[in-house]
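Asks: My file is target.cif. It has mmCIF, C-alpha atoms:
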```cif
data_my_file
#
loop_
_atom_site.label_atom_id
_atom_site.label_comp_id
_atom_site.auth_asym_id
_atom_site.auth_seq_id
_atom_site.Cartn_x
_atom_site.Cartn_y
_atom_site.Cartn_z
CA MET A 1 0.00 0.00 0.00
CA PRO A 2 1.43 3.44 -0.89
CA PRO A 3 2.40 5.55 2.16
CA GLU A 4 -0.13 8.28 1.41
CA ILE A 5 -2.96 5.73 1.36
CA ALA A 6 -1.76 4.21 4.60
CA LEU A 7 -1.79 7.63 6.21
CA ASP A 8 -5.36 8.21 5.06
CA ALA A 9 -6.49 4.82 6.26
CA ALA A 10 -5.07 5.14 9.78
CA PRO A 11 -7.53 7.79 11.04
CA HIS A 12 -10.39 5.85 9.47
CA ARG A 13 -9.41 2.68 11.34
CA ALA A 14 -8.98 4.67 14.56
CA TRP A 15 -12.45 6.16 14.23
CA SER A 16 -14.01 2.81 13.41
CA SER A 17 -12.44 1.17 16.44
CA ARG A 18 -13.37 4.03 18.77
CA LEU A 19 -16.97 4.17 17.55
CA VAL A 20 -17.32 0.45 18.22
CA GLN A 21 -16.02 0.97 21.76
CA LEU A 22 -18.35 3.91 22.32
CA GLY A 23 -21.27 1.91 20.94
CA LEU A 24 -20.54 -0.85 23.44
CA VAL A 25 -20.54 1.60 26.37
CA TRP A 26 -23.64 3.38 25.12
CA LEU A 27 -25.46 0.08 24.70
CA LEU A 28 -24.81 -0.86 28.31
CA LEU A 29 -25.77 2.65 29.47
CA PHE A 30 -29.00 2.42 27.49
CA VAL A 31 -29.85 -0.89 29.15
CA VAL A 32 -29.03 0.49 32.61
CA THR A 33 -31.00 3.72 32.08
CA PHE A 34 -33.69 2.22 29.85
CA GLU A 35 -36.50 3.35 32.16
CA GLU A 36 -35.46 6.99 31.78
CA TRP A 37 -35.10 6.81 28.00
CA ALA A 38 -38.50 5.13 27.75
CA GLN A 39 -40.03 7.93 29.85
CA MET A 40 -38.40 10.59 27.72
CA ALA A 41 -39.53 8.92 24.48
CA HIS A 42 -43.08 8.81 25.84
CA GLN A 43 -42.97 12.53 26.62
CA TRP A 44 -41.50 13.41 23.22
CA TRP A 45 -44.10 11.45 21.33
CA ASN A 46 -47.26 11.89 23.40
CA ILE A 47 -47.00 15.30 25.10
CA ASP A 48 -47.29 18.33 22.82
CA THR A 49 -45.08 20.43 25.08
CA TYR A 50 -42.10 18.24 24.18
CA SER A 51 -42.85 17.25 20.60
CA HIS A 52 -40.13 19.60 19.32
CA ILE A 53 -37.54 17.31 20.96
CA LEU A 54 -38.17 14.77 18.19
CA LEU A 55 -36.18 17.12 15.93
CA ILE A 56 -33.16 17.36 18.23
CA PRO A 57 -31.42 14.09 17.16
CA ALA A 58 -31.49 15.36 13.57
CA ILE A 59 -30.14 18.75 14.69
CA ILE A 60 -27.33 17.05 16.61
CA ALA A 61 -26.49 14.95 13.56
CA TRP A 62 -26.35 18.12 11.44
CA LEU A 63 -24.10 19.86 13.98
CA VAL A 64 -21.71 16.90 13.78
CA TRP A 65 -21.90 16.84 9.98
CA ILE A 66 -20.82 20.45 9.58
CA LYS A 67 -17.63 19.64 11.53
CA ARG A 68 -16.76 16.68 9.31
CA ASP A 69 -13.69 18.34 7.77
CA GLU A 70 -12.12 19.07 11.16
CA LEU A 71 -12.99 15.56 12.38
CA ALA A 72 -11.40 14.01 9.29
CA ALA A 73 -8.13 15.70 10.23
CA LEU A 74 -8.13 14.18 13.72
CA SER A 75 -7.82 10.77 15.26
CA PRO A 76 -9.82 10.15 18.45
CA GLU A 77 -7.70 9.94 21.58
CA ASP A 78 -8.77 8.90 25.06
CA TRP A 79 -9.08 11.50 27.83
CA TRP A 80 -9.67 9.99 31.25
CA PRO A 81 -10.71 13.19 33.16
CA ALA A 82 -14.06 12.92 31.35
CA LEU A 83 -14.73 9.88 33.52
CA ALA A 84 -15.63 12.40 36.23
CA TRP A 85 -18.53 13.67 34.09
CA PHE A 86 -19.50 10.09 33.29
CA GLY A 87 -19.55 9.18 36.99
CA ALA A 88 -21.35 12.38 37.95
CA GLY A 89 -24.03 11.58 35.40
CA LEU A 90 -24.63 8.14 36.86
CA LEU A 91 -24.66 9.63 40.36
CA VAL A 92 -27.30 12.19 39.33
CA TRP A 93 -29.23 9.41 37.59
CA LEU A 94 -29.16 7.21 40.69
CA GLY A 95 -30.13 10.11 42.94
CA GLY A 96 -33.02 11.05 40.68
CA ARG A 97 -34.28 7.50 40.52
CA THR A 98 -33.93 7.04 44.29
CA LEU A 99 -35.76 10.30 45.05
CA ASP A 100 -38.26 9.68 42.23
CA ILE A 101 -37.31 12.94 40.49
CA ASN A 102 -37.56 12.15 36.81
CA LEU A 103 -35.84 15.35 35.68
CA PHE A 104 -32.67 14.45 37.62
CA ALA A 105 -32.71 10.81 36.55
CA GLN A 106 -33.15 11.72 32.89
CA ALA A 107 -30.52 14.48 33.01
CA GLY A 108 -28.09 12.06 34.64
CA ALA A 109 -28.64 9.50 31.89
CA VAL A 110 -27.80 12.09 29.21
CA MET A 111 -24.75 13.26 31.19
CA ALA A 112 -23.39 9.71 31.32
CA PHE A 113 -23.71 9.40 27.54
CA GLN A 114 -21.89 12.71 27.11
CA GLY A 115 -19.09 11.69 29.48
CA ALA A 116 -18.53 8.41 27.64
CA ALA A 117 -18.22 10.22 24.32
CA ILE A 118 -15.77 12.81 25.67
CA ALA A 119 -13.64 10.14 27.37
CA LEU A 120 -13.29 8.08 24.18
CA PHE A 121 -13.09 10.90 21.63
CA GLY A 122 -10.50 12.92 23.52
CA LEU A 123 -10.29 16.57 24.48
CA ARG A 124 -9.45 18.00 21.06
CA THR A 125 -12.22 16.12 19.25
CA SER A 126 -14.70 16.88 22.02
CA LEU A 127 -13.97 20.59 21.71
CA ILE A 128 -14.67 20.35 17.98
CA LEU A 129 -17.96 18.64 18.90
CA ALA A 130 -18.68 20.84 21.93
CA LEU A 131 -21.90 22.29 20.49
CA PRO A 132 -23.64 19.02 19.56
CA ILE A 133 -22.51 17.40 22.81
CA ALA A 134 -23.87 20.31 24.85
CA TYR A 135 -27.03 20.58 22.75
CA SER A 136 -27.91 16.98 23.64
CA CYS A 137 -28.99 18.38 27.03
CA PHE A 138 -32.20 19.50 25.32
CA LEU A 139 -33.16 15.83 24.96
CA VAL A 140 -34.26 16.07 28.58
CA PRO A 141 -37.89 17.26 28.86
CA PHE A 142 -38.14 20.22 31.21
CA GLY A 143 -40.53 23.08 31.86
CA ASP A 144 -43.40 21.58 33.87
CA GLU A 145 -41.75 23.06 36.96
CA ILE A 146 -42.48 26.64 35.85
CA ILE A 147 -46.08 26.18 34.67
CA PRO A 148 -47.66 27.78 37.81
CA GLN A 149 -45.44 30.85 37.46
CA LEU A 150 -46.25 31.15 33.75
CA GLN A 151 -49.97 30.81 34.48
CA ALA A 152 -49.74 33.66 36.98
CA ILE A 153 -47.80 35.90 34.57
CA THR A 154 -50.20 35.17 31.70
CA ALA A 155 -53.22 35.88 33.93
CA HIS A 156 -51.68 39.15 35.12
CA LEU A 157 -50.96 40.32 31.57
CA ALA A 158 -54.40 39.26 30.32
CA THR A 159 -56.08 41.00 33.25
CA TRP A 160 -54.18 44.25 32.70
CA LEU A 161 -54.88 44.26 28.95
CA THR A 162 -58.54 43.40 29.47
CA GLN A 163 -58.95 46.31 31.86
CA ALA A 164 -57.05 48.62 29.51
CA SER A 165 -59.35 47.64 26.61
CA GLY A 166 -62.45 48.67 28.58
CA VAL A 167 -63.96 45.23 29.20
CA ALA A 168 -65.75 44.86 32.53
CA MET A 169 -64.13 42.10 34.55
CA VAL A 170 -63.32 40.65 37.94
CA SER A 171 -60.11 38.69 38.37
CA ASP A 172 -58.94 36.29 41.04
CA GLY A 173 -55.57 34.76 40.28
CA ILE A 174 -55.89 32.69 37.14
CA TYR A 175 -59.69 33.27 36.98
CA ILE A 176 -60.98 36.17 34.89
CA ASP A 177 -64.75 36.75 34.95
CA THR A 178 -66.25 38.86 32.16
CA PRO A 179 -69.75 39.43 30.71
CA ALA A 180 -68.96 36.78 28.07
CA GLY A 181 -68.13 34.17 30.71
CA LEU A 182 -65.50 32.96 33.15
CA PHE A 183 -62.03 32.42 31.67
CA ILE A 184 -59.39 30.28 33.33
CA VAL A 185 -55.71 30.46 32.48
CA ALA A 186 -55.21 26.70 32.55
CA GLU A 187 -51.90 24.84 32.33
CA ALA A 188 -52.37 24.47 28.58
CA CYS A 189 -52.67 28.26 28.34
CA SER A 190 -49.50 28.97 30.31
CA GLY A 191 -47.38 29.17 27.16
CA VAL A 192 -44.80 26.71 28.46
CA LYS A 193 -44.84 24.73 25.23
CA PHE A 194 -43.86 27.68 23.11
CA LEU A 195 -41.40 29.07 25.64
CA ILE A 196 -39.42 25.82 25.80
CA ALA A 197 -39.41 25.41 22.02
CA MET A 198 -38.33 29.04 21.61
CA VAL A 199 -35.45 28.64 24.09
CA THR A 200 -34.35 25.44 22.34
CA LEU A 201 -34.39 27.12 18.93
CA GLY A 202 -32.83 30.30 20.30
CA THR A 203 -29.92 28.38 21.77
CA LEU A 204 -29.24 26.75 18.41
CA VAL A 205 -29.32 30.10 16.60
CA ALA A 206 -27.27 31.87 19.29
CA PHE A 207 -24.39 29.42 19.05
CA THR A 208 -24.43 28.85 15.30
CA CYS A 209 -24.96 32.41 14.06
CA PHE A 210 -23.32 34.55 16.76
CA GLU A 211 -19.79 34.77 18.14
CA SER A 212 -20.39 37.58 20.63
CA TRP A 213 -21.61 36.48 24.05
CA THR A 214 -23.41 39.80 24.43
CA ARG A 215 -25.47 39.20 21.30
CA ARG A 216 -26.14 35.64 22.37
CA ALA A 217 -27.41 36.91 25.72
CA TRP A 218 -29.72 39.45 24.05
CA LEU A 219 -31.16 36.79 21.75
CA MET A 220 -31.78 34.39 24.63
CA LEU A 221 -33.42 37.18 26.63
CA ALA A 222 -35.72 37.85 23.68
CA CYS A 223 -36.49 34.12 23.39
CA VAL A 224 -37.72 34.18 26.99
CA VAL A 225 -39.43 37.56 27.26
CA VAL A 226 -41.13 37.81 23.86
CA PRO A 227 -43.05 34.48 24.00
CA ILE A 228 -44.23 35.22 27.56
CA ILE A 229 -45.56 38.63 26.52
CA ALA A 230 -47.00 37.17 23.31
CA ASN A 231 -48.84 34.51 25.29
CA GLY A 232 -50.35 37.17 27.53
CA ILE A 233 -51.53 39.07 24.43
CA ARG A 234 -53.00 35.85 23.02
CA ALA A 235 -54.95 35.22 26.24
CA TRP A 236 -56.25 38.79 26.25
CA ALA A 237 -57.22 38.58 22.58
CA THR A 238 -59.28 35.48 23.29
CA ILE A 239 -61.13 37.23 26.12
CA PHE A 240 -61.65 40.39 24.07
CA ILE A 241 -62.97 38.57 20.99
CA ALA A 242 -65.28 36.50 23.20
CA GLN A 243 -67.14 39.66 24.19
CA TYR A 244 -68.39 39.91 20.60
CA VAL A 245 -68.56 36.36 19.23
CA GLY A 246 -69.02 34.29 22.40
CA ALA A 247 -66.63 32.23 24.49
CA GLU A 248 -66.96 29.04 22.43
CA ALA A 249 -66.21 30.70 19.09
CA ALA A 250 -63.34 32.66 20.63
CA GLY A 251 -61.91 29.46 22.07
CA SER A 252 -61.95 27.81 18.64
CA PHE A 253 -60.35 30.88 17.10
CA ASP A 254 -57.68 30.86 19.81
CA HIS A 255 -56.81 27.22 19.14
CA ILE A 256 -56.33 27.79 15.42
CA VAL A 257 -54.47 31.09 15.71
CA TYR A 258 -52.28 29.96 18.62
CA GLY A 259 -51.38 26.66 17.04
CA TRP A 260 -50.74 27.72 13.45
CA PHE A 261 -50.26 31.43 12.99
CA PHE A 262 -49.67 33.64 16.00
CA PHE A 263 -46.54 32.08 17.43
CA GLY A 264 -45.20 31.30 13.98
CA ILE A 265 -45.28 35.04 13.41
CA VAL A 266 -43.56 35.60 16.76
CA ILE A 267 -40.73 33.20 15.84
CA ALA A 268 -40.31 34.88 12.47
CA LEU A 269 -40.27 38.29 14.15
CA VAL A 270 -37.62 37.40 16.73
CA LEU A 271 -35.34 35.61 14.27
CA GLY A 272 -35.96 38.20 11.58
CA VAL A 273 -34.79 40.99 13.87
CA ALA A 274 -31.86 38.92 15.15
CA ARG A 275 -30.73 38.09 11.60
CA ARG A 276 -29.57 41.65 11.09
CA TRP A 277 -26.80 41.04 13.62
CA PHE A 278 -25.76 37.52 12.55
CA GLU A 279 -21.96 37.26 12.61
CA ARG A 280 -21.37 34.01 10.71
CA ASP A 281 -22.97 31.27 8.66
CA PRO A 282 -24.30 28.33 10.69
CA GLU A 283 -21.81 26.02 8.93
CA ASP A 284 -18.99 27.92 10.67
CA ALA A 285 -20.38 27.23 14.14
CA GLY A 286 -18.13 26.04 16.94
CA TRP A 287 -14.40 26.13 17.39
CA SER A 288 -12.19 25.44 14.43
CA LEU A 289 -9.18 23.14 14.71
CA ALA A 290 -6.87 26.15 14.39
CA GLU A 291 -8.61 27.92 17.29
CA ILE A 292 -8.37 24.83 19.47
CA GLU A 293 -4.68 24.38 18.77
CA GLU A 294 -4.08 27.94 19.98
CA MET A 295 -5.67 27.29 23.38
CA PRO A 296 -2.86 27.75 25.95
CA THR A 297 -3.78 24.88 28.28
CA LEU A 298 -4.64 22.33 25.60
CA ALA A 299 -1.26 20.57 25.52
CA ALA A 300 -1.13 20.20 29.31
CA LEU A 301 -4.66 18.85 29.52
CA GLU A 302 -4.16 16.42 26.65
CA ARG A 303 -1.34 14.69 28.54
CA LYS A 304 -3.99 13.14 30.80
CA THR A 305 -4.39 10.01 28.71
CA MET A 306 -5.03 6.36 29.45
CA SER A 307 -5.55 3.24 27.40
CA ALA A 308 -8.92 3.41 25.63
CA THR A 309 -9.49 -0.25 26.48
CA PHE A 310 -8.90 0.51 30.15
CA ILE A 311 -11.29 3.48 30.00
CA VAL A 312 -13.96 1.30 28.42
CA ALA A 313 -13.45 -1.33 31.13
CA ILE A 314 -13.79 1.32 33.86
CA MET A 315 -17.00 2.74 32.37
CA LEU A 316 -18.55 -0.70 31.95
CA ALA A 317 -17.66 -1.66 35.52
CA VAL A 318 -18.96 1.63 36.95
CA ALA A 319 -22.21 1.40 34.98
CA ILE A 320 -22.79 -2.18 36.17
CA ALA A 321 -22.05 -1.15 39.77
CA PHE A 322 -24.55 1.72 39.62
CA ALA A 323 -27.15 -0.59 38.05
CA ALA A 324 -26.66 -3.06 40.90
CA VAL A 325 -27.05 -0.32 43.51
CA ALA A 326 -30.21 0.96 41.79
CA HIS A 327 -31.64 -2.56 41.64
CA LEU A 328 -30.89 -3.22 45.30
CA GLY A 329 -32.39 0.12 46.26
#
```
Write out the structure in this file as structure tokens.

Replies:
Amino acid sequence: MPPEIALDAAPHRAWSSRLVQLGLVWLLLFVVTFEEWAQMAHQWWNIDTYSHILLIPAIIAWLVWIKRDELAALSPEDWWPALAWFGAGLLVWLGGRTLDINLFAQAGAVMAFQGAAIALFGLRTSLILALPIAYSCFLVPFGDEIIPQLQAITAHLATWLTQASGVAMVSDGIYIDTPAGLFIVAEACSGVKFLIAMVTLGTLVAFTCFESWTRRAWLMLACVVVPIIANGIRAWATIFIAQYVGAEAAGSFDHIVYGWFFFGIVIALVLGVARRWFERDPEDAGWSLAEIEEMPTLAALERKTMSATFIVAIMLAVAIAFAAVAHLG
């Protein structure tokens, strides 16, 4: 075989071997944390609030794909300090399962998968893949915890706008009584579904299209504030329209407008305004190999290596130990 072909084949063999090792660890982790992945899959598929998560695996795959040139120039190398993240993930998973806190258990399961990938890909490769690895956190369904607060905010905004528009009303918390009927800002009206989806999308845009942390912060602030205000306006609009067409007709109008038009316009508005300040194409997202090589502490941190086979053995043993503790508990 000519030398140049041998050089090209070496990274390919290294990646193939490392992906097999990672697949083995991930398979065991999936078996150990199967209950959490089954719960998450149920939430993604059956609960509208989390249906956007079904798109995240494809987004992660795309984020990896756009770094393919940098990855082709690297060979994966083990990095044992990532075992700390792997172990922390299993600890959080075990704690969440023991305390019956699904959010913790599910987050811990994702953390363990992340730690395994970082440990077997190495520091340099993991920095190249930092965005897709971090973005995998959005696989964990979250947001139910803030529904009561969002209900209160939506009710307050709807009450204030209803009064300002001259509609007679009496409010008591999430209850708004008007001549057209009694309106309740229920959990489904809290706006949590759109807020979570907006934050998820905003994070993707912030880290693919911006380099400035200040601009990222402004975009994320808009992705939180704008949908909350928009949801309050939507609730008020439903109450206001009901005064003229009746509560039932207004409710049907609200369902159609909220689901198909209103928040689509809000997304387009936020991203349309933000686009004026985009600093790069999405394909240029993340650190480049040249930027990583200039990091002052990279060489010192990369010295912390260990046999990949030994790392795999440690992760398999630790995962089995945690599974045994969870079973005994």

Asks: Quick one: everything within 7 Å of region 217-222 of chain A, counting all atoms listed in the file, minus sequence neighbours fewer than 3 positions away in the same chain. Send it as a PyMOL selection string.

Replies: chain A and resi 199+202-203+206+213-214+225-226+274

Asks: Mind working out the centre and edge lengths of an axis-aligned box for region 67-75 of chain A, all listed atoms inside, 3 Å added to each side, rounded to one decimal in Å and written as AutoDock Vina command-line options?

Replies:
```
--center_x -12.7 --center_y 15.2 --center_z 11.5 --size_x 15.8 --size_y 14.9 --size_z 13.5
```

Asks: Find the residues near Glu283 (chain A): any atom within 10 Å, counting only C-alpha atoms, skip ones fewer than 3 places away on the same chain, and give them as a list in words.

Replies: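 Once the adjacent positions are removed, what remains is Trp62, Leu63, Trp65, Ile66, Lys67, Thr208, Cys209, Arg280 and Gly286 of chain A.
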
Asks: Expanded to explicit residues, what is the PyMOL selection byres ((chain A and resi 307) around 12) for this file, as a list in words?

Replies: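 Evaluating the PyMOL selection byres ((chain A and resi 307) around 12) on these coordinates yields Arg18, Glu77, Asp78, Trp79, Trp80, Ala119, Leu120, Gly122, Lys304, Thr305, Met306, Ala308, Thr309, Phe310, Ile311, Val312, Ala313 and Ile314 of chain A.
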
Asks: Show me, as a list in words, the residues that have an atom within 10 Å of Met198 (chain A) when counting all atoms listed in the file, minus same-chain residues fewer than 5 positions from it.

Replies: His52, Val192, Lys193, Thr203, Leu204, Met220, Ala222, Cys223, Val224, Val226, Pro227, Phe263, Val266, Ile267 and Val270 of chain A

Asks: If we count all atoms listed in the file, what is near region 162-171 of chain A at a cut-off of 12 Å, once residues fewer than 2 positions away on the same chain are taken out, given as a PyMOL selection string?

Replies: chain A and resi 152+154-160+173-185+232-244

Asks: Enter the distance from CA of Thr125 (chain A) to CA of Ile59 (chain A), in Å, rounded to one decimal.

Replies: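 One can read the CA of Thr125 (chain A) to CA of Ile59 (chain A) distance as 18.7 Å.
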
Asks: So what do you get for CA of Ala112 (chain A) versus CA of Leu90 (chain A), distance-wise?

Replies: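 Here the two named atoms are 5.9 Å from each other.
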
Asks: What's the separation between CA of Asp144 (chain A) and CA of Ile229 (chain A), in Å to one decimal place?

Replies: 18.7 Å

Asks: Can I get region 271-283 of chain A with N, CA, C and O atoms filled in, as a compact mmCIF listing (two decimals), in the frame of the given file?

Replies:
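Here's the written file selection.txt:
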```
# COMPACT_ATOMS: atom_id res chain seq x y z
N LEU A 271 -36.49 36.02 15.07
CA LEU A 271 -35.34 35.61 14.27
C LEU A 271 -35.08 36.59 13.13
O LEU A 271 -33.92 36.80 12.73
N GLY A 272 -36.14 37.22 12.62
CA GLY A 272 -35.96 38.20 11.58
C GLY A 272 -35.20 39.42 12.07
O GLY A 272 -34.31 39.95 11.38
N VAL A 273 -35.52 39.87 13.28
CA VAL A 273 -34.79 40.99 13.87
C VAL A 273 -33.36 40.58 14.19
O VAL A 273 -32.41 41.32 13.92
N ALA A 274 -33.21 39.38 14.75
CA ALA A 274 -31.86 38.92 15.15
C ALA A 274 -30.96 38.74 13.93
O ALA A 274 -29.74 38.93 14.02
N ARG A 275 -31.53 38.39 12.79
CA ARG A 275 -30.73 38.09 11.60
C ARG A 275 -29.87 39.28 11.17
O ARG A 275 -28.79 39.10 10.61
N ARG A 276 -30.33 40.46 11.47
CA ARG A 276 -29.57 41.65 11.09
C ARG A 276 -28.19 41.68 11.73
O ARG A 276 -27.25 42.25 11.18
N TRP A 277 -28.07 41.01 12.89
CA TRP A 277 -26.80 41.04 13.62
C TRP A 277 -26.05 39.70 13.57
O TRP A 277 -25.10 39.50 14.31
N PHE A 278 -26.48 38.79 12.69
CA PHE A 278 -25.76 37.52 12.55
C PHE A 278 -24.30 37.81 12.19
O PHE A 278 -24.00 38.67 11.37
N GLU A 279 -23.40 37.03 12.79
CA GLU A 279 -21.96 37.26 12.61
C GLU A 279 -21.28 36.19 11.76
O GLU A 279 -20.12 36.35 11.39
N ARG A 280 -21.99 35.08 11.50
CA ARG A 280 -21.37 34.01 10.71
C ARG A 280 -22.44 33.09 10.16
O ARG A 280 -23.59 33.11 10.62
N ASP A 281 -22.07 32.29 9.18
CA ASP A 281 -22.97 31.27 8.66
C ASP A 281 -23.04 30.12 9.66
O ASP A 281 -22.05 29.81 10.35
N PRO A 282 -24.17 29.46 9.75
CA PRO A 282 -24.30 28.33 10.69
C PRO A 282 -23.24 27.25 10.47
O PRO A 282 -22.82 26.59 11.43
N GLU A 283 -22.81 27.06 9.22
CA GLU A 283 -21.81 26.02 8.93
C GLU A 283 -20.46 26.31 9.58
O GLU A 283 -19.61 25.42 9.69
```
